[in-house]
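Below is one structure, written out as structure tokens; comments come after it.
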Amino acid sequence: MKELNTKYEHKKIEAGKYQQWLDAGYFKAGIHPDRIPFTLVIPPPNVTGALHLGHALDNTLEDMVCRYKRLRGYDVLWVPGMDHAGIATQAKVDALLKEQGISRFDIGREAFLEHAWAWKHEYAQRIREQWAKLGLSVDYTRERFTLDEGLNEAVRKVFVDLYNEGLIYQGERIINWDVQAKTALSNIEVIHKEIEGSFYYFRYPVVGEDRQLLVATTRPETMFGDVCVVVNPNDERYQDLIGKYVINPANDQPLVVIADEYVELGFGTGAMKCTPAHDPNDFALAEKHHLDKILCMHPDGTMNEICGKYEGMDRFACREALVEDIKAKGLCEKIEKHVHPVGHSERTDTIIEPYLSKQWFVKMKPLAQDVLDHQADPKSKIDFFPSRFEHIFAQWLENIEDWCISRQLWWGHRIPAWYHKQTGEIYVGMDEPKDIENYIQDEDVLDTWFSSALWPFTTLGWPEKTADYQRYYPTDTMVTGYDIIFFWVARMAFQARHFTKDRPFKEVLIHGLIRDEKGRKMSKSLGNGVDPLDVIDKYGVDALRFFITTNSTPGQDMRYIEEKVEAAWNFLNKIFNAARFVLINLPKDFKPLPISNLKLAKADKWILYRFNEMLANITPNLDKYEFALAGNAVKQFVWDEFCSWYIDLSKATLYGKDEEAKAVTCSVLYTLLKDIVKILHPYVPFITEEIWSCLPETDGACCISSWPVSYPDTSKKEADQMDRMISLITTLREIKVDYNLKPGSALSGYVSDENDRMIPFDHEETLILERMSKLSLLSNKPQGEPIVRVILGGFIVIPADELVDLKQERAKLNEQKEALEKELKRSEAMLNNQSFLSKAPEAKIAEEKEKAETYKQQYALVLEQIEKLG
């Protein structure tokens, strides 16, 4: 047994401890096959990601769940891993190559992938170091990566099976195009931001008539891709124009006017330009009316060859130049500023370009409906904490659109589709075609989320029926933020349901985002970001973890407030000092006695009962992921009851001569400290493990010990009596402060219940009162006008002459009486002075009257006090 340091130093405590846990194999699943399995699944972190407070929030809650479940006796599996982050990683490697003066096109696909893997290995190690900093209890023997060979095979199988079932198809659609990354994005990879734009009102001359049609657009640069102008067939203004032609003011080309009820009557000008290759609604109109679909931009967002003199210009530069040219033609009616939501790439923050492209899609409706059907069955549904997120989950599935899964990247799972060089026939399979020399493989890769969605079961060995898959699947709990319900939870749900015929996890804990002190989202532009590594350096990881877990409510955002992290550190310091007190006072040959065999004092019974209460409160809350409720209940017990009272109450016994009583107190202190350390371990693993290692009679590590159980033979009646004693002692201390008495001043008092009956105290209670507050109990209520204060369940009555010097008090009251008489005389004289009343402002007169009334009240009270003192 080692000794605890003399003071709490988080850096010394945290150093090396994580590696000790790993070396001992404490977090390896399957070493206790007799235990009930429990599996946690989490969104694997982006391999490009640096640690930020959001990660710290995610990881801390995840680790909290795992450590708690281990203590509850489960065989816990937490598979660590990372996703390959296709767009983000490729952008990083592209930038690295650019610094060397080359591009991926200079070196080719294979050489580029070698650079990408090297970059991945370097950054993956950084992420493992971050996990170590946070103390994450993951099983490294099962670590996975979304591009490792096992997951690659599973991804290929899923693609091939969905393709063969007609659930993956290739088609031309309007997709979200990132012109910077030069790749397609799914709808949920697009963030809509409110930005200021303009409505441009242009006049389209009608061919053969002295007339113009007014059309409004927010994107003039797409006018080169216009194929017609659309009006509502019921709009009387334009019925005579249907079938006629107008001139496109961008390129002077004729455009036919067609009719469709898609154009809303009374909205805008009533005439809409149609650009099928750059707008999803226009694309639908083109499909309906068999219109051409003309692209007017290159994939990099510059204008293409059909744009004439604007070819090669950036789309937004083209917009400005084109508007000026249309103005010069006299065809610009007006420009109106307006704020509207515009899609931006989640990865590059570039404004998204709706773009006609041939891509691979997943047919989502049947997959989503399968999940929705099972959500109606309590036995097969995924339960959400909080439950309100189930409605959001279902709503998204009900309104789901087909998922664009192809990405124009090199880093990722290459699509297992090949095209015949002569016939163009598509071959999709697990392996390349036998006559591969006649085929070319699709250049694109799959959306990162396609492989991440398979994480809960592929990391356990699927499609093989491995031992891990059979033991740990379906998984039990997933922890994630509400911002990626659609990225993760929904996609995992339908992939798992389709391929494993089961839910991927039984429960989902949804947490909120971590914001700054003012409730704002942390961002570079606001400069309000907080580096968790700086917080850990200053306060320690345990303080950060305790702050997070005791301030995070399921589904709710939380605010980062440094004072609360400091308060967490202070609490840990309190625990550390309490542990030192206990350990210092244990005899060298200490052997803890079973609590059930001990002759307990009232204070012992009280603290054990309060512990039982706390345990009964926190355990169901932890089961429901209410970590803040549980953590604050533990903190209240540890700080207010164990440290502030029980330790103080124990000192008389520990420093006394009764060896039998001392042995009992030592056993209670030791046992309680041991159980407190266990309960706090999921919150603050480093300090608790340090204290545990210094406790005598402990086997192994705290992280693999067992959850406490309640103590037998505790009585609420006795605990309530002790609570009344504590209330009495607290009140007596307050009275001494109020009357400027020294803490050690002796007092006598009469204690009664709420019905004014004397409360009897036994010998043990009387000794506690004498020792803790220097109170001598009176058998009769003091006469005269004593000081009366409320306590829990009654009153304490103290003779006034014990609190004040009556002679001195009388002199003081008489001084106050004389001073008030002078003020009253002055005030009355002023208010009877007609000159003052006629000249003074009304406010001044009112103020003087108010003073006079206050003096009268004070004077009456002073006279009353003088009379009471006699």
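Residues in the structure tokens are named by chain (A, B, ... in the order shown) and by number from 1 within that chain; ligands are numbered from 1 in the order shown.
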Would you please extract all helix (DSSP H, G or I) residues from region 568-808 of chain A, as assigned by DSSP on the backbone, and give them as a VMD selection string?
chain A and resid 568 to 585 595 to 597 602 to 623 627 to 654 659 to 680 685 to 694 702 to 704 716 to 738 763 to 773 800 to 802 806 to 808
For the selection you just gave me, I'd like the residues written to a file as a compact mmCIF listing (two decimals), in the first residue's frame, keeping C-alpha atoms.
```txt
# COMPACT_ATOMS: atom_id res chain seq x y z
CA ALA A 568 -14.85 20.97 -9.83
CA TRP A 569 -11.12 21.14 -9.02
CA ASN A 570 -11.97 22.45 -5.54
CA PHE A 571 -14.31 19.52 -5.00
CA LEU A 572 -11.59 17.07 -6.02
CA ASN A 573 -9.20 18.79 -3.65
CA LYS A 574 -11.82 18.34 -0.90
CA ILE A 575 -12.06 14.61 -1.65
CA PHE A 576 -8.28 14.29 -1.70
CA ASN A 577 -7.94 15.97 1.69
CA ALA A 578 -10.75 13.84 3.12
CA ALA A 579 -8.97 10.72 1.88
CA ARG A 580 -5.73 11.90 3.47
CA PHE A 581 -7.54 12.47 6.77
CA VAL A 582 -8.98 8.96 6.73
CA LEU A 583 -5.73 7.28 5.70
CA ILE A 584 -3.64 9.18 8.26
CA ASN A 585 -5.99 8.10 11.04
CA ILE A 595 -20.24 -2.88 9.14
CA SER A 596 -22.95 -5.37 10.06
CA ASN A 597 -20.84 -6.60 13.03
CA LYS A 602 -25.60 7.68 16.16
CA ALA A 603 -23.33 9.60 13.79
CA ASP A 604 -22.29 6.32 12.13
CA LYS A 605 -25.89 5.23 11.65
CA TRP A 606 -26.77 8.65 10.28
CA ILE A 607 -24.01 8.77 7.65
CA LEU A 608 -24.69 5.20 6.55
CA TYR A 609 -28.40 5.95 6.18
CA ARG A 610 -27.64 9.08 4.16
CA PHE A 611 -25.25 7.05 2.01
CA ASN A 612 -28.01 4.51 1.34
CA GLU A 613 -30.35 7.37 0.39
CA MET A 614 -27.77 8.82 -1.98
CA LEU A 615 -27.05 5.42 -3.55
CA ALA A 616 -30.76 4.73 -4.08
CA ASN A 617 -31.06 8.13 -5.75
CA ILE A 618 -28.07 8.03 -8.09
CA THR A 619 -28.19 4.42 -9.34
CA PRO A 620 -31.49 4.73 -11.27
CA ASN A 621 -30.41 8.16 -12.52
CA LEU A 622 -27.17 6.71 -13.88
CA ASP A 623 -29.18 3.93 -15.53
CA PHE A 627 -25.28 11.96 -14.99
CA ALA A 628 -25.71 15.54 -13.79
CA LEU A 629 -28.49 14.65 -11.35
CA ALA A 630 -26.48 11.74 -9.99
CA GLY A 631 -23.18 13.62 -9.88
CA ASN A 632 -24.59 16.58 -8.02
CA ALA A 633 -26.27 14.25 -5.51
CA VAL A 634 -22.91 12.55 -4.89
CA LYS A 635 -21.19 15.92 -4.55
CA GLN A 636 -23.78 17.10 -2.02
CA PHE A 637 -23.36 13.94 0.04
CA VAL A 638 -19.56 13.96 -0.07
CA TRP A 639 -19.09 17.66 0.59
CA ASP A 640 -21.97 18.50 2.92
CA GLU A 641 -22.45 15.28 4.85
CA PHE A 642 -19.31 13.15 4.71
CA CYS A 643 -16.63 15.87 4.73
CA SER A 644 -18.34 18.74 6.52
CA TRP A 645 -20.09 16.69 9.20
CA TYR A 646 -19.15 13.06 9.57
CA ILE A 647 -15.40 13.64 9.47
CA ASP A 648 -15.81 16.47 12.00
CA LEU A 649 -18.02 14.29 14.21
CA SER A 650 -15.50 11.45 14.02
CA LYS A 651 -12.59 13.47 15.39
CA ALA A 652 -13.63 13.17 19.04
CA THR A 653 -13.57 9.37 18.76
CA LEU A 654 -10.39 9.22 16.70
CA GLU A 659 -10.05 1.93 21.35
CA GLU A 660 -13.17 -0.07 20.59
CA ALA A 661 -15.07 3.07 19.48
CA LYS A 662 -12.01 4.16 17.49
CA ALA A 663 -11.95 0.82 15.62
CA VAL A 664 -15.62 1.25 14.71
CA THR A 665 -15.13 4.82 13.48
CA CYS A 666 -12.06 3.80 11.43
CA SER A 667 -14.02 0.98 9.78
CA VAL A 668 -16.93 3.26 8.92
CA LEU A 669 -14.61 5.98 7.56
CA TYR A 670 -12.64 3.46 5.51
CA THR A 671 -15.70 1.68 4.12
CA LEU A 672 -17.47 4.91 3.20
CA LEU A 673 -14.36 6.35 1.55
CA LYS A 674 -13.95 3.15 -0.44
CA ASP A 675 -17.56 3.27 -1.65
CA ILE A 676 -17.40 6.99 -2.41
CA VAL A 677 -14.31 6.37 -4.54
CA LYS A 678 -16.17 3.65 -6.47
CA ILE A 679 -19.17 5.88 -7.10
CA LEU A 680 -17.02 8.79 -8.25
CA PRO A 685 -11.09 8.02 -12.85
CA PHE A 686 -7.58 9.36 -12.16
CA ILE A 687 -7.98 10.74 -8.63
CA THR A 688 -10.20 7.84 -7.58
CA GLU A 689 -7.67 5.29 -8.83
CA GLU A 690 -4.93 7.15 -6.96
CA ILE A 691 -6.88 7.08 -3.69
CA TRP A 692 -7.85 3.44 -4.27
CA SER A 693 -4.21 2.45 -4.67
CA CYS A 694 -3.51 3.89 -1.21
CA CYS A 702 -10.88 0.59 -8.78
CA CYS A 703 -12.01 0.43 -12.41
CA ILE A 704 -12.63 -3.32 -12.13
CA LYS A 716 -34.70 6.77 9.12
CA LYS A 717 -35.89 7.75 12.59
CA GLU A 718 -32.33 7.82 13.95
CA ALA A 719 -31.08 9.61 10.85
CA ASP A 720 -33.78 12.27 11.23
CA GLN A 721 -32.78 12.77 14.86
CA MET A 722 -29.19 13.30 13.79
CA ASP A 723 -30.32 15.74 11.09
CA ARG A 724 -32.07 17.74 13.82
CA MET A 725 -28.86 17.72 15.84
CA ILE A 726 -26.93 19.02 12.83
CA SER A 727 -29.56 21.70 12.25
CA LEU A 728 -29.26 22.71 15.92
CA ILE A 729 -25.45 22.89 15.77
CA THR A 730 -25.60 24.90 12.53
CA THR A 731 -28.09 27.36 14.05
CA LEU A 732 -25.98 27.80 17.18
CA ARG A 733 -22.97 28.62 14.99
CA GLU A 734 -25.02 31.19 13.09
CA ILE A 735 -26.18 32.79 16.36
CA LYS A 736 -22.58 33.17 17.53
CA VAL A 737 -21.69 34.89 14.25
CA ASP A 738 -24.73 37.17 14.49
CA HIS A 763 -26.19 10.96 26.76
CA GLU A 764 -24.53 10.45 23.35
CA GLU A 765 -26.42 13.35 21.79
CA THR A 766 -25.69 15.60 24.76
CA LEU A 767 -21.97 14.92 24.44
CA ILE A 768 -22.09 15.77 20.70
CA LEU A 769 -23.83 19.07 21.43
CA GLU A 770 -21.32 19.97 24.13
CA ARG A 771 -18.35 19.05 21.95
CA MET A 772 -19.57 20.58 18.66
CA SER A 773 -21.27 23.77 19.95
CA ALA A 800 -30.83 36.99 25.92
CA ASP A 801 -28.27 37.82 28.64
CA GLU A 802 -26.02 35.05 27.31
CA LEU A 806 -27.72 43.88 29.28
CA LYS A 807 -26.15 46.97 30.87
CA GLN A 808 -24.24 47.71 27.67
```
Test item: residues at most 7 Å from region 415-431 of chain A, only C-alpha atoms, excluding those fewer than 4 positions along its chain, as a ChimeraX atom specification:
/A:156-157,160,438-442,444-446
Just write the chosen residues, N, CA, C and O atoms, as a PDB file, in the first residue's frame.
```
ATOM      1  N   ARG A 156     -18.033  -3.471 -49.489  1.00  0.00           N
ATOM      2  CA  ARG A 156     -18.267  -3.995 -50.845  1.00  0.00           C
ATOM      3  C   ARG A 156     -19.505  -4.888 -50.878  1.00  0.00           C
ATOM      4  O   ARG A 156     -20.326  -4.805 -51.789  1.00  0.00           O
ATOM      5  N   LYS A 157     -19.636  -5.754 -49.875  1.00  0.00           N
ATOM      6  CA  LYS A 157     -20.793  -6.668 -49.825  1.00  0.00           C
ATOM      7  C   LYS A 157     -22.101  -5.883 -49.741  1.00  0.00           C
ATOM      8  O   LYS A 157     -23.070  -6.190 -50.437  1.00  0.00           O
ATOM      9  N   VAL A 160     -22.798  -4.244 -53.149  1.00  0.00           N
ATOM     10  CA  VAL A 160     -23.186  -5.235 -54.163  1.00  0.00           C
ATOM     11  C   VAL A 160     -24.585  -5.771 -53.887  1.00  0.00           C
ATOM     12  O   VAL A 160     -25.418  -5.888 -54.798  1.00  0.00           O
ATOM     13  N   ASN A 438     -10.637  -5.746 -70.134  1.00  0.00           N
ATOM     14  CA  ASN A 438     -11.696  -5.141 -70.956  1.00  0.00           C
ATOM     15  C   ASN A 438     -12.558  -4.144 -70.176  1.00  0.00           C
ATOM     16  O   ASN A 438     -13.533  -3.625 -70.720  1.00  0.00           O
ATOM     17  N   TYR A 439     -12.202  -3.920 -68.912  1.00  0.00           N
ATOM     18  CA  TYR A 439     -13.042  -3.065 -68.057  1.00  0.00           C
ATOM     19  C   TYR A 439     -12.240  -1.918 -67.446  1.00  0.00           C
ATOM     20  O   TYR A 439     -11.025  -2.007 -67.283  1.00  0.00           O
ATOM     21  N   ILE A 440     -12.954  -0.865 -67.106  1.00  0.00           N
ATOM     22  CA  ILE A 440     -12.393   0.263 -66.355  1.00  0.00           C
ATOM     23  C   ILE A 440     -13.224   0.440 -65.087  1.00  0.00           C
ATOM     24  O   ILE A 440     -14.456   0.508 -65.151  1.00  0.00           O
ATOM     25  N   GLN A 441     -12.562   0.505 -63.933  1.00  0.00           N
ATOM     26  CA  GLN A 441     -13.310   0.664 -62.688  1.00  0.00           C
ATOM     27  C   GLN A 441     -13.785   2.107 -62.514  1.00  0.00           C
ATOM     28  O   GLN A 441     -13.108   3.052 -62.934  1.00  0.00           O
ATOM     29  N   ASP A 442     -14.950   2.245 -61.923  1.00  0.00           N
ATOM     30  CA  ASP A 442     -15.476   3.576 -61.585  1.00  0.00           C
ATOM     31  C   ASP A 442     -14.435   4.317 -60.754  1.00  0.00           C
ATOM     32  O   ASP A 442     -13.854   3.767 -59.817  1.00  0.00           O
ATOM     33  N   ASP A 444     -14.915   6.894 -58.768  1.00  0.00           N
ATOM     34  CA  ASP A 444     -15.430   7.511 -57.552  1.00  0.00           C
ATOM     35  C   ASP A 444     -15.298   6.594 -56.338  1.00  0.00           C
ATOM     36  O   ASP A 444     -15.138   5.371 -56.467  1.00  0.00           O
ATOM     37  N   VAL A 445     -15.394   7.221 -55.164  1.00  0.00           N
ATOM     38  CA  VAL A 445     -15.428   6.471 -53.903  1.00  0.00           C
ATOM     39  C   VAL A 445     -16.789   6.707 -53.241  1.00  0.00           C
ATOM     40  O   VAL A 445     -17.569   7.580 -53.654  1.00  0.00           O
ATOM     41  N   LEU A 446     -17.047   5.951 -52.201  1.00  0.00           N
ATOM     42  CA  LEU A 446     -18.314   6.067 -51.488  1.00  0.00           C
ATOM     43  C   LEU A 446     -18.245   7.154 -50.415  1.00  0.00           C
ATOM     44  O   LEU A 446     -17.181   7.399 -49.829  1.00  0.00           O
TER      45      LEU A 446
END
```
Do you have the CA of Asp240 (chain A)-CA of Ile326 (chain A) distance handy?
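Taking CA of Asp240 (chain A) and CA of Ile326 (chain A), their separation equals 26.0 Å.
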Applying 8 Å and only C-alpha atoms, which residues near region 739-755 of chain A remain after dropping the ones on its own chain fewer than 6 positions away? List them as a ChimeraX atom specification.
/A:733,773-782,793-799,802-804
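CA of Gln359 (chain A) to CA of Asn176 (chain A) spans 11.0 Å [interatomic distance, one decimal].
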Strand (DSSP E or B) per DSSP on the backbone: members of region 29-226 of chain A, as a PyMOL selection string:
chain A and resi 37-41+46+75-78+81-83+144-145+168-178+183-185+190-206+212-217
Have a look at CA of Asp713 (chain A) and CA of Arg72 (chain A) and let me know their distance in Å, one decimal.
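Distance reported for this atom pair: 23.2 Å.
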Would you mind listing what lies within 10 Å of Gln495 (chain A) as a ChimeraX atom specification, with only C-alpha atoms counted and same-chain residues fewer than 6 positions away left out?
/A:158,367-368,371,450-451,453-457,501-504
For the selection just defined, write its residues with C-alpha atoms to a file, as a PDB file, in the first residue's frame.
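Writing the result to result-v8.pdb gives the following:
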```pdb
ATOM      1  CA  VAL A 158     -23.338  -4.050 -48.750  1.00  0.00           C
ATOM      2  CA  LEU A 367     -35.159   1.020 -46.153  1.00  0.00           C
ATOM      3  CA  ALA A 368     -36.557   3.855 -44.050  1.00  0.00           C
ATOM      4  CA  VAL A 371     -37.055   1.017 -39.612  1.00  0.00           C
ATOM      5  CA  PHE A 450     -21.762   4.786 -46.133  1.00  0.00           C
ATOM      6  CA  SER A 451     -19.062   2.816 -44.313  1.00  0.00           C
ATOM      7  CA  ALA A 453     -23.202   3.539 -41.000  1.00  0.00           C
ATOM      8  CA  LEU A 454     -22.058  -0.100 -40.831  1.00  0.00           C
ATOM      9  CA  TRP A 455     -19.835   0.483 -37.781  1.00  0.00           C
ATOM     10  CA  PRO A 456     -21.967  -1.230 -35.081  1.00  0.00           C
ATOM     11  CA  PHE A 457     -21.844  -4.637 -36.776  1.00  0.00           C
ATOM     12  CA  LYS A 501     -32.452  -7.985 -39.322  1.00  0.00           C
ATOM     13  CA  ASP A 502     -32.013  -6.245 -35.984  1.00  0.00           C
ATOM     14  CA  ARG A 503     -31.559  -2.812 -34.474  1.00  0.00           C
ATOM     15  CA  PRO A 504     -27.930  -1.633 -34.293  1.00  0.00           C
TER      16      PRO A 504
END
```
